[in-house]
>>> print(open('final_22.cif').read())   # mmCIF, C-alpha atoms
data_model
loop_
_atom_site.group_PDB
_atom_site.id
_atom_site.type_symbol
_atom_site.label_atom_id
_atom_site.label_comp_id
_atom_site.auth_asym_id
_atom_site.auth_seq_id
_atom_site.Cartn_x
_atom_site.Cartn_y
_atom_site.Cartn_z
ATOM 1 C CA MET A 1497 -28.016 22.980 -8.559
ATOM 2 C CA LYS A 1498 -26.644 20.847 -5.721
ATOM 3 C CA ARG A 1499 -27.749 17.660 -7.500
ATOM 4 C CA GLU A 1500 -26.036 18.770 -10.724
ATOM 5 C CA GLU A 1501 -22.815 19.599 -8.814
ATOM 6 C CA SER A 1502 -22.855 16.202 -7.093
ATOM 7 C CA ARG A 1503 -23.338 14.478 -10.439
ATOM 8 C CA THR A 1504 -20.456 16.488 -11.962
ATOM 9 C CA MET A 1505 -18.173 15.630 -9.051
ATOM 10 C CA THR A 1506 -19.091 11.983 -9.374
ATOM 11 C CA ALA A 1507 -18.219 12.003 -13.071
ATOM 12 C CA LYS A 1508 -14.909 13.705 -12.307
ATOM 13 C CA ASP A 1509 -14.165 11.143 -9.618
ATOM 14 C CA ILE A 1510 -14.872 8.326 -12.063
ATOM 15 C CA LYS A 1511 -12.538 9.867 -14.649
ATOM 16 C CA GLU A 1512 -9.798 10.319 -12.048
ATOM 17 C CA GLN A 1513 -10.173 6.730 -10.856
ATOM 18 C CA TYR A 1514 -10.025 5.523 -14.451
ATOM 19 C CA LYS A 1515 -6.868 7.559 -15.109
ATOM 20 C CA LYS A 1516 -5.257 6.122 -11.978
ATOM 21 C CA PHE A 1517 -6.260 2.629 -13.064
ATOM 22 C CA ILE A 1518 -4.727 3.119 -16.536
ATOM 23 C CA GLY A 1519 -1.630 4.661 -14.937
ATOM 24 C CA ARG A 1520 -1.138 1.592 -12.743
ATOM 25 C CA LYS A 1521 -1.541 -0.659 -15.780
ATOM 26 C CA ILE A 1522 1.077 1.290 -17.745
ATOM 27 C CA PHE A 1523 3.444 1.232 -14.755
ATOM 28 C CA PHE A 1524 3.106 -2.541 -14.389
ATOM 29 C CA VAL A 1525 3.671 -3.069 -18.130
ATOM 30 C CA PHE A 1526 6.902 -1.062 -18.159
ATOM 31 C CA PHE A 1527 8.039 -2.494 -14.819
ATOM 32 C CA PHE A 1528 7.623 -6.110 -15.913
ATOM 33 C CA ALA A 1529 9.100 -5.376 -19.358
ATOM 34 C CA ALA A 1530 12.239 -4.059 -17.644
ATOM 35 C CA LEU A 1531 12.202 -7.041 -15.279
ATOM 36 C CA ILE A 1532 12.049 -9.433 -18.244
ATOM 37 C CA LEU A 1533 15.065 -7.715 -19.811
ATOM 38 C CA ILE A 1534 17.039 -8.078 -16.581
ATOM 39 C CA ILE A 1535 16.023 -11.719 -16.029
ATOM 40 C CA SER A 1536 16.771 -12.542 -19.675
ATOM 41 C CA GLY A 1537 20.256 -11.076 -19.331
ATOM 42 C CA VAL A 1538 20.930 -13.099 -16.185
ATOM 43 C CA SER A 1539 19.482 -16.273 -17.742
ATOM 44 C CA THR A 1540 21.785 -15.912 -20.747
ATOM 45 C CA THR A 1541 24.798 -16.232 -18.442
ATOM 46 C CA LEU A 1542 23.687 -19.660 -17.182
ATOM 47 C CA GLY A 1543 25.412 -22.606 -18.832
ATOM 48 C CA SER A 1544 28.671 -24.491 -19.135
ATOM 49 C CA TYR A 1545 30.309 -21.649 -21.089
ATOM 50 C CA PRO A 1546 31.045 -18.784 -18.644
ATOM 51 C CA ILE A 1547 29.761 -15.360 -19.727
ATOM 52 C CA THR A 1548 29.077 -12.349 -17.497
ATOM 53 C CA VAL A 1549 25.933 -10.196 -17.638
ATOM 54 C CA LYS A 1550 27.926 -7.234 -18.952
ATOM 55 C CA GLU A 1551 29.366 -9.388 -21.743
ATOM 56 C CA VAL A 1552 25.886 -10.674 -22.610
ATOM 57 C CA TYR A 1553 24.442 -7.207 -23.209
ATOM 58 C CA SER A 1554 27.581 -6.185 -25.098
ATOM 59 C CA ILE A 1555 27.335 -9.295 -27.316
ATOM 60 C CA ILE A 1556 23.636 -8.653 -27.999
ATOM 61 C CA TRP A 1557 24.344 -5.023 -28.937
ATOM 62 C CA ARG A 1558 27.278 -5.867 -31.218
ATOM 63 C CA GLY A 1559 25.413 -8.818 -32.736
ATOM 64 C CA SER A 1560 22.346 -6.683 -33.498
ATOM 65 C CA ILE A 1561 24.471 -4.170 -35.383
ATOM 66 C CA THR A 1562 26.298 -6.956 -37.257
ATOM 67 C CA ILE A 1563 23.009 -8.593 -38.255
ATOM 68 C CA LEU A 1564 21.567 -5.313 -39.562
ATOM 69 C CA GLN A 1565 24.712 -4.658 -41.573
ATOM 70 C CA ASN A 1566 24.726 -8.128 -43.153
ATOM 71 C CA LEU A 1567 21.046 -8.887 -43.796
ATOM 72 C CA ASP A 1568 21.774 -9.701 -47.436
ATOM 73 C CA PHE A 1569 24.312 -12.363 -46.399
ATOM 74 C CA ILE A 1570 21.778 -13.946 -44.005
ATOM 75 C CA ILE A 1571 19.078 -14.034 -46.690
ATOM 76 C CA PHE A 1572 21.272 -15.741 -49.284
ATOM 77 C CA HIS A 1573 23.447 -17.980 -47.079
ATOM 78 C CA GLY A 1574 21.401 -18.625 -43.938
ATOM 79 C CA VAL A 1575 21.842 -17.981 -40.235
ATOM 80 C CA ARG A 1576 24.353 -20.781 -39.578
ATOM 81 C CA GLU A 1577 26.776 -19.658 -42.287
ATOM 82 C CA PHE A 1578 26.430 -16.095 -41.058
ATOM 83 C CA SER A 1579 27.276 -17.184 -37.492
ATOM 84 C CA ARG A 1580 30.370 -19.077 -38.637
ATOM 85 C CA GLU A 1581 31.549 -16.161 -40.752
ATOM 86 C CA TYR A 1582 30.903 -13.181 -38.458
ATOM 87 C CA PHE A 1583 30.394 -14.451 -34.882
ATOM 88 C CA THR A 1584 32.955 -15.422 -32.253
ATOM 89 C CA THR A 1585 32.459 -18.435 -29.953
ATOM 90 C CA GLU A 1586 30.870 -16.295 -27.243
ATOM 91 C CA GLU A 1587 28.481 -14.721 -29.750
ATOM 92 C CA ILE A 1588 27.482 -18.129 -31.151
ATOM 93 C CA VAL A 1589 26.741 -19.390 -27.624
ATOM 94 C CA VAL A 1590 24.561 -16.377 -26.865
ATOM 95 C CA TRP A 1591 22.801 -15.912 -30.222
ATOM 96 C CA GLN A 1592 22.426 -19.521 -31.404
ATOM 97 C CA LEU A 1593 22.043 -21.507 -28.169
ATOM 98 C CA ARG A 1594 20.705 -19.376 -25.340
ATOM 99 C CA LEU A 1595 18.696 -16.496 -26.811
ATOM 100 C CA PRO A 1596 16.325 -18.748 -28.844
ATOM 101 C CA ARG A 1597 15.365 -20.582 -25.647
ATOM 102 C CA ILE A 1598 14.764 -17.338 -23.790
ATOM 103 C CA PHE A 1599 12.692 -15.826 -26.612
ATOM 104 C CA LEU A 1600 10.685 -19.036 -26.980
ATOM 105 C CA GLY A 1601 9.949 -19.059 -23.251
ATOM 106 C CA ILE A 1602 8.789 -15.421 -23.363
ATOM 107 C CA ILE A 1603 6.590 -15.998 -26.424
ATOM 108 C CA ALA A 1604 5.096 -19.159 -24.899
ATOM 109 C CA GLY A 1605 4.333 -17.253 -21.700
ATOM 110 C CA ILE A 1606 2.627 -14.470 -23.663
ATOM 111 C CA GLY A 1607 0.530 -17.010 -25.575
ATOM 112 C CA LEU A 1608 -0.520 -18.898 -22.449
ATOM 113 C CA GLY A 1609 -1.344 -15.674 -20.608
ATOM 114 C CA LEU A 1610 -3.413 -14.424 -23.544
ATOM 115 C CA ALA A 1611 -5.291 -17.728 -23.808
ATOM 116 C CA GLY A 1612 -6.047 -17.717 -20.078
ATOM 117 C CA ALA A 1613 -7.238 -14.101 -20.146
ATOM 118 C CA VAL A 1614 -9.568 -14.806 -23.093
ATOM 119 C CA MET A 1615 -11.041 -17.875 -21.396
ATOM 120 C CA GLN A 1616 -11.614 -16.010 -18.141
ATOM 121 C CA ALA A 1617 -13.250 -13.102 -19.978
ATOM 122 C CA ILE A 1618 -15.558 -15.344 -22.013
ATOM 123 C CA LEU A 1619 -16.603 -17.556 -19.106
ATOM 124 C CA ARG A 1620 -16.541 -14.701 -16.574
ATOM 125 C CA ASN A 1621 -14.738 -16.935 -14.118
ATOM 126 C CA PRO A 1622 -11.161 -16.584 -12.780
ATOM 127 C CA LEU A 1623 -10.876 -20.395 -12.565
ATOM 128 C CA ALA A 1624 -11.119 -20.820 -16.335
ATOM 129 C CA SER A 1625 -7.861 -22.007 -17.914
ATOM 130 C CA PRO A 1626 -6.671 -24.633 -20.432
ATOM 131 C CA TYR A 1627 -6.188 -26.967 -17.453
ATOM 132 C CA THR A 1628 -9.580 -26.596 -15.774
ATOM 133 C CA LEU A 1629 -11.312 -26.850 -19.170
ATOM 134 C CA GLY A 1630 -9.510 -30.096 -19.996
ATOM 135 C CA ILE A 1631 -7.767 -28.739 -23.115
ATOM 136 C CA SER A 1632 -4.286 -29.406 -21.738
ATOM 137 C CA SER A 1633 -5.301 -32.938 -20.727
ATOM 138 C CA GLY A 1634 -6.627 -33.581 -24.223
ATOM 139 C CA ALA A 1635 -3.353 -32.373 -25.765
ATOM 140 C CA GLY A 1636 -1.379 -34.505 -23.302
ATOM 141 C CA PHE A 1637 -3.400 -37.588 -24.218
ATOM 142 C CA GLY A 1638 -2.873 -36.969 -27.928
ATOM 143 C CA ALA A 1639 0.884 -36.617 -27.446
ATOM 144 C CA SER A 1640 1.021 -39.723 -25.231
ATOM 145 C CA LEU A 1641 -0.950 -41.682 -27.818
ATOM 146 C CA ALA A 1642 1.601 -40.746 -30.478
ATOM 147 C CA ILE A 1643 4.645 -41.464 -28.287
ATOM 148 C CA LEU A 1644 3.472 -44.646 -26.550
ATOM 149 C CA ALA A 1645 1.309 -46.250 -29.247
ATOM 150 C CA GLY A 1646 2.701 -44.635 -32.388
ATOM 151 C CA ALA A 1647 -0.854 -43.861 -33.518
ATOM 152 C CA GLY A 1648 -1.920 -40.533 -34.911
ATOM 153 C CA ILE A 1649 -3.686 -38.610 -37.649
ATOM 154 C CA VAL A 1650 -0.595 -36.805 -38.941
ATOM 155 C CA GLY A 1651 2.539 -38.835 -39.658
ATOM 156 C CA GLY A 1652 6.229 -38.083 -39.761
ATOM 157 C CA LYS A 1653 7.926 -35.569 -37.518
ATOM 158 C CA TYR A 1654 4.595 -33.821 -36.877
ATOM 159 C CA LEU A 1655 2.976 -36.912 -35.343
ATOM 160 C CA ILE A 1656 3.209 -35.775 -31.719
ATOM 161 C CA ILE A 1657 2.357 -32.118 -32.355
ATOM 162 C CA GLY A 1658 -0.476 -33.041 -34.738
ATOM 163 C CA ASN A 1659 -2.027 -35.451 -32.252
ATOM 164 C CA ALA A 1660 -1.795 -32.953 -29.408
ATOM 165 C CA PHE A 1661 -3.403 -30.245 -31.538
ATOM 166 C CA VAL A 1662 -6.238 -32.476 -32.770
ATOM 167 C CA PHE A 1663 -7.202 -33.707 -29.292
ATOM 168 C CA ALA A 1664 -6.975 -30.175 -27.877
ATOM 169 C CA LEU A 1665 -9.406 -29.093 -30.621
ATOM 170 C CA LEU A 1666 -11.665 -32.051 -29.810
ATOM 171 C CA VAL A 1667 -12.027 -30.940 -26.202
ATOM 172 C CA SER A 1668 -12.559 -27.331 -27.329
ATOM 173 C CA PHE A 1669 -15.362 -28.393 -29.691
ATOM 174 C CA ILE A 1670 -17.036 -30.364 -26.889
ATOM 175 C CA ILE A 1671 -16.950 -27.285 -24.642
ATOM 176 C CA LEU A 1672 -18.321 -25.111 -27.484
ATOM 177 C CA ALA A 1673 -21.091 -27.627 -28.144
ATOM 178 C CA LEU A 1674 -22.108 -27.478 -24.495
ATOM 179 C CA SER A 1675 -22.068 -23.667 -24.550
ATOM 180 C CA SER A 1676 -24.479 -23.595 -27.498
ATOM 181 C CA ARG A 1677 -27.135 -25.487 -25.547
ATOM 182 C CA LYS A 1678 -29.942 -23.542 -23.880
ATOM 183 C CA GLY A 1679 -29.476 -22.989 -20.175
ATOM 184 C CA ALA A 1680 -25.721 -23.589 -20.301
ATOM 185 C CA THR A 1681 -23.867 -21.427 -17.784
ATOM 186 C CA PRO A 1682 -20.154 -20.699 -17.384
ATOM 187 C CA GLU A 1683 -20.166 -22.897 -14.285
ATOM 188 C CA THR A 1684 -21.588 -25.781 -16.331
ATOM 189 C CA MET A 1685 -18.859 -25.390 -18.933
ATOM 190 C CA ILE A 1686 -16.116 -25.354 -16.304
ATOM 191 C CA LEU A 1687 -17.550 -28.481 -14.653
ATOM 192 C CA ALA A 1688 -17.672 -30.159 -18.065
ATOM 193 C CA GLY A 1689 -14.061 -29.113 -18.638
ATOM 194 C CA ILE A 1690 -13.014 -30.602 -15.302
ATOM 195 C CA ALA A 1691 -14.771 -33.835 -16.310
ATOM 196 C CA MET A 1692 -12.809 -33.801 -19.609
ATOM 197 C CA MET A 1693 -9.611 -33.209 -17.652
ATOM 198 C CA TYR A 1694 -10.157 -36.283 -15.467
ATOM 199 C CA LEU A 1695 -11.304 -38.409 -18.424
ATOM 200 C CA PHE A 1696 -8.285 -37.695 -20.630
ATOM 201 C CA GLY A 1697 -5.985 -37.768 -17.610
ATOM 202 C CA ALA A 1698 -7.203 -41.289 -16.814
ATOM 203 C CA MET A 1699 -6.729 -42.437 -20.416
ATOM 204 C CA THR A 1700 -3.194 -41.007 -20.402
ATOM 205 C CA THR A 1701 -2.441 -42.924 -17.209
ATOM 206 C CA ILE A 1702 -3.682 -46.154 -18.801
ATOM 207 C CA LEU A 1703 -1.397 -45.606 -21.793
ATOM 208 C CA GLN A 1704 1.559 -44.982 -19.481
ATOM 209 C CA TYR A 1705 0.759 -48.088 -17.436
ATOM 210 C CA PHE A 1706 1.022 -50.367 -20.480
ATOM 211 C CA GLY A 1707 3.810 -48.419 -22.223
ATOM 212 C CA GLU A 1708 7.527 -49.108 -22.212
ATOM 213 C CA ALA A 1709 9.714 -47.327 -19.666
ATOM 214 C CA GLU A 1710 11.613 -45.173 -22.164
ATOM 215 C CA ALA A 1711 8.442 -44.186 -24.028
ATOM 216 C CA VAL A 1712 6.704 -43.288 -20.741
ATOM 217 C CA LYS A 1713 9.710 -41.175 -19.775
ATOM 218 C CA GLU A 1714 9.563 -39.360 -23.109
ATOM 219 C CA ALA A 1715 5.803 -38.742 -22.768
ATOM 220 C CA VAL A 1716 6.136 -37.343 -19.250
ATOM 221 C CA PHE A 1717 9.078 -35.195 -20.356
ATOM 222 C CA TRP A 1718 7.008 -33.850 -23.271
ATOM 223 C CA MET A 1719 4.099 -32.900 -20.989
ATOM 224 C CA VAL A 1720 6.401 -31.167 -18.514
ATOM 225 C CA GLY A 1721 7.851 -29.040 -21.329
ATOM 226 C CA ASP A 1722 11.312 -28.309 -22.653
ATOM 227 C CA LEU A 1723 13.080 -25.459 -24.445
ATOM 228 C CA ASN A 1724 16.264 -27.302 -25.443
ATOM 229 C CA ARG A 1725 15.148 -27.720 -29.061
ATOM 230 C CA ALA A 1726 14.474 -24.028 -29.498
ATOM 231 C CA SER A 1727 15.917 -22.363 -32.590
ATOM 232 C CA TRP A 1728 15.302 -19.148 -34.495
ATOM 233 C CA PRO A 1729 13.116 -20.842 -37.163
ATOM 234 C CA VAL A 1730 10.931 -22.320 -34.400
ATOM 235 C CA VAL A 1731 10.747 -18.949 -32.634
ATOM 236 C CA THR A 1732 9.767 -17.271 -35.912
ATOM 237 C CA ILE A 1733 6.953 -19.758 -36.573
ATOM 238 C CA ILE A 1734 5.486 -19.483 -33.069
ATOM 239 C CA LEU A 1735 5.798 -15.685 -33.122
ATOM 240 C CA GLY A 1736 3.949 -15.617 -36.448
ATOM 241 C CA VAL A 1737 1.133 -17.781 -35.063
ATOM 242 C CA LEU A 1738 0.864 -15.548 -31.990
ATOM 243 C CA ALA A 1739 0.832 -12.415 -34.170
ATOM 244 C CA CYS A 1740 -2.083 -13.853 -36.185
ATOM 245 C CA CYS A 1741 -4.080 -15.059 -33.171
ATOM 246 C CA ALA A 1742 -3.594 -12.090 -30.827
ATOM 247 C CA PRO A 1743 -5.383 -9.276 -32.766
ATOM 248 C CA PRO A 1744 -8.807 -11.028 -32.961
ATOM 249 C CA THR A 1745 -8.866 -11.348 -29.157
ATOM 250 C CA TYR A 1746 -8.999 -7.545 -28.839
ATOM 251 C CA ALA A 1747 -11.979 -7.225 -31.172
#
>>> encode(input="final_22.cif", output="structure tokens")
Amino acid sequence: MKREESRTMTAKDIKEQYKKFIGRKIFFVFFFAALILIISGVSTTLGSYPITVKEVYSIIWRGSITILQNLDFIIFHGVREFSREYFTTEEIVVWQLRLPRIFLGIIAGIGLGLAGAVMQAILRNPLASPYTLGISSGAGFGASLAILAGAGIVGGKYLIIGNAFVFALLVSFIILALSSRKGATPETMILAGIAMMYLFGAMTTILQYFGEAEAVKEAVFWMVGDLNRASWPVVTIILGVLACCAPPTYA
């Protein structure tokens, strides 16, 4: 009887600990969601055109209602014509210039966090990331190759993005090939990724050494990252890609 009681108490303790763990997770989710809303509101006020935080939230609320009431106009005439017709200067600054950058930054952060979590779960190592596995270095080399040498697989305006994507896939396939070998451990894959990182990092440095000053500046600026070219069509595309890629990670 005592053994059965101790087992029952242990099971209850495990359930209570699990509930507390889930409760902390839910608290952190809501806390950081609220924090993102506050930071986004403050970030929207930053710029040459002065707008207060109170005005920002008021503009977002009024703009949301206006958009819902005029969806047919947006569909047939486009977002720019809608902005000119229905939005004031302050609303254009918030909705067309600042909010797309903020949304793109949030979506990019979600995507990077999801990718890092998946890598760490698969490799069972907290050091696993696109950087330690060399994927970011491969993408950086592909972009530098397109900017500095003008060479790439995909032409036109997708030259830089196409090159970065192809070389990121190349590094990923190398890591997957190593993982399929017998005796391959997560530590081996991470060490191979670090080797890829140094290899592609060195090749990028060589390209920058022989490249022109303006092209080198553009390549470095691309690798650092920028949200100035953000727009609602770009946000929609990236959000769609994230929506397609996120569900399989929970399977």
>>> closest_residue(input="final_22.cif", among="A:Ile1656, A:Ala1709, A:Ile1598, A:Leu1608", to="Ile1532 in chain A", atoms="only C-alpha atoms")
A:Ile1598
>>> closest_residue(input="final_22.cif", among="A:Ala1742, A:Ala1530, A:Met1685, A:Met1699", to="Arg1620 in chain A", atoms="all atoms listed in the file")
A:Met1685
>>> resolve_selection(input="final_22.cif", expression="the PyMOL selection byres ((chain A and resi 1701) around 12)", output="PDB file with C-alpha atoms, in the frame of the given file")
ATOM      1  CA  SER A1633      -5.301 -32.938 -20.727  1.00  0.00           C
ATOM      2  CA  GLY A1636      -1.379 -34.505 -23.302  1.00  0.00           C
ATOM      3  CA  PHE A1637      -3.400 -37.588 -24.218  1.00  0.00           C
ATOM      4  CA  SER A1640       1.021 -39.723 -25.231  1.00  0.00           C
ATOM      5  CA  LEU A1641      -0.950 -41.682 -27.818  1.00  0.00           C
ATOM      6  CA  LEU A1644       3.472 -44.646 -26.550  1.00  0.00           C
ATOM      7  CA  TYR A1694     -10.157 -36.283 -15.467  1.00  0.00           C
ATOM      8  CA  LEU A1695     -11.304 -38.409 -18.424  1.00  0.00           C
ATOM      9  CA  PHE A1696      -8.285 -37.695 -20.630  1.00  0.00           C
ATOM     10  CA  GLY A1697      -5.985 -37.768 -17.610  1.00  0.00           C
ATOM     11  CA  ALA A1698      -7.203 -41.289 -16.814  1.00  0.00           C
ATOM     12  CA  MET A1699      -6.729 -42.437 -20.416  1.00  0.00           C
ATOM     13  CA  THR A1700      -3.194 -41.007 -20.402  1.00  0.00           C
ATOM     14  CA  ILE A1702      -3.682 -46.154 -18.801  1.00  0.00           C
ATOM     15  CA  LEU A1703      -1.397 -45.606 -21.793  1.00  0.00           C
ATOM     16  CA  GLN A1704       1.559 -44.982 -19.481  1.00  0.00           C
ATOM     17  CA  TYR A1705       0.759 -48.088 -17.436  1.00  0.00           C
ATOM     18  CA  PHE A1706       1.022 -50.367 -20.480  1.00  0.00           C
ATOM     19  CA  GLY A1707       3.810 -48.419 -22.223  1.00  0.00           C
ATOM     20  CA  VAL A1712       6.704 -43.288 -20.741  1.00  0.00           C
ATOM     21  CA  ALA A1715       5.803 -38.742 -22.768  1.00  0.00           C
ATOM     22  CA  VAL A1716       6.136 -37.343 -19.250  1.00  0.00           C
TER      23      VAL A1716
END
>>> residues_around(input="final_22.cif", residues="Thr1540 in chain A", least_positions_apart="4", cutoff="10 Å", atoms="only C-alpha atoms", output="ChimeraX atom specification")
/A:1535-1536,1546-1549,1552-1553,1589-1591,1593-1595,1597-1598
>>> residues_around(input="final_22.cif", residues="Ile1670 in chain A", least_positions_apart="6", cutoff="10 Å", atoms="only C-alpha atoms", output="PyMOL selection string")
chain A and resi 1685+1688-1689+1692
>>> closest_residue(input="final_22.cif", among="A:Ala1604, A:Leu1619, A:Ser1675, A:Leu1666", to="Ile1733 in chain A", atoms="only C-alpha atoms")
A:Ala1604
>>> residues_around(input="final_22.cif", residues="Thr1628 in chain A", least_positions_apart="2", cutoff="12 Å", atoms="all atoms listed in the file", output="MDAnalysis selection string")
chainID A and resid 1612 1615:1616 1619 1621:1626 1630:1634 1667:1668 1671 1683 1685:1694 1697
>>> atom_distance(input="final_22.cif", atom1="CA of Glu1586 in chain A", atom2="CA of Ile1571 in chain A")
22.9 Å
>>> atom_distance(input="final_22.cif", atom1="CA of Lys1521 in chain A", atom2="CA of Ala1507 in chain A")
21.1 Å
>>> resolve_selection(input="final_22.cif", expression="the PyMOL selection byres ((chain A and resi 1746) around 12)", output="mmCIF file with C-alpha atoms, in the coordinates of the input")
data_model
loop_
_atom_site.group_PDB
_atom_site.id
_atom_site.type_symbol
_atom_site.label_atom_id
_atom_site.label_comp_id
_atom_site.auth_asym_id
_atom_site.auth_seq_id
_atom_site.Cartn_x
_atom_site.Cartn_y
_atom_site.Cartn_z
ATOM 1 C CA LEU A 1610 -3.413 -14.424 -23.544
ATOM 2 C CA ALA A 1611 -5.291 -17.728 -23.808
ATOM 3 C CA ALA A 1613 -7.238 -14.101 -20.146
ATOM 4 C CA VAL A 1614 -9.568 -14.806 -23.093
ATOM 5 C CA ALA A 1617 -13.250 -13.102 -19.978
ATOM 6 C CA CYS A 1740 -2.083 -13.853 -36.185
ATOM 7 C CA CYS A 1741 -4.080 -15.059 -33.171
ATOM 8 C CA ALA A 1742 -3.594 -12.090 -30.827
ATOM 9 C CA PRO A 1743 -5.383 -9.276 -32.766
ATOM 10 C CA PRO A 1744 -8.807 -11.028 -32.961
ATOM 11 C CA THR A 1745 -8.866 -11.348 -29.157
ATOM 12 C CA ALA A 1747 -11.979 -7.225 -31.172
#
>>> resolve_selection(input="final_22.cif", expression="the PyMOL selection byres ((chain A and resi 1558) around 12)", output="number ranges by chain")
A: 1551-1557, 1559-1565, 1582-1584, 1586-1587, 1590-1591
>>> write_last_selection(input="final_22.cif", atoms="C-alpha atoms", output="short mmCIF file (atom, residue, chain, number, x, y, z; two decimals), keeping the file's coordinate frame")
data_model
loop_
_atom_site.label_atom_id
_atom_site.label_comp_id
_atom_site.auth_asym_id
_atom_site.auth_seq_id
_atom_site.Cartn_x
_atom_site.Cartn_y
_atom_site.Cartn_z
CA GLU A 1551 29.37 -9.39 -21.74
CA VAL A 1552 25.89 -10.67 -22.61
CA TYR A 1553 24.44 -7.21 -23.21
CA SER A 1554 27.58 -6.18 -25.10
CA ILE A 1555 27.34 -9.30 -27.32
CA ILE A 1556 23.64 -8.65 -28.00
CA TRP A 1557 24.34 -5.02 -28.94
CA GLY A 1559 25.41 -8.82 -32.74
CA SER A 1560 22.35 -6.68 -33.50
CA ILE A 1561 24.47 -4.17 -35.38
CA THR A 1562 26.30 -6.96 -37.26
CA ILE A 1563 23.01 -8.59 -38.26
CA LEU A 1564 21.57 -5.31 -39.56
CA GLN A 1565 24.71 -4.66 -41.57
CA TYR A 1582 30.90 -13.18 -38.46
CA PHE A 1583 30.39 -14.45 -34.88
CA THR A 1584 32.96 -15.42 -32.25
CA GLU A 1586 30.87 -16.30 -27.24
CA GLU A 1587 28.48 -14.72 -29.75
CA VAL A 1590 24.56 -16.38 -26.86
CA TRP A 1591 22.80 -15.91 -30.22
#
>>> atom_distance(input="final_22.cif", atom1="CA of Phe1599 in chain A", atom2="CA of Gly1543 in chain A")
16.4 Å
>>> axis_aligned_box(input="final_22.cif", around="range 1711-1719 of chain A", padding_each_side="3 Å", output="JSON")
{"center_x": 6.9, "center_y": -38.5, "center_z": -21.6, "size_x": 11.6, "size_y": 17.3, "size_z": 10.8}
>>> closest_residue(input="final_22.cif", among="A:Ser1539, A:Gly1601, A:Lys1653, A:Phe1572", to="Ile1734 in chain A", atoms="only C-alpha atoms")
A:Gly1601
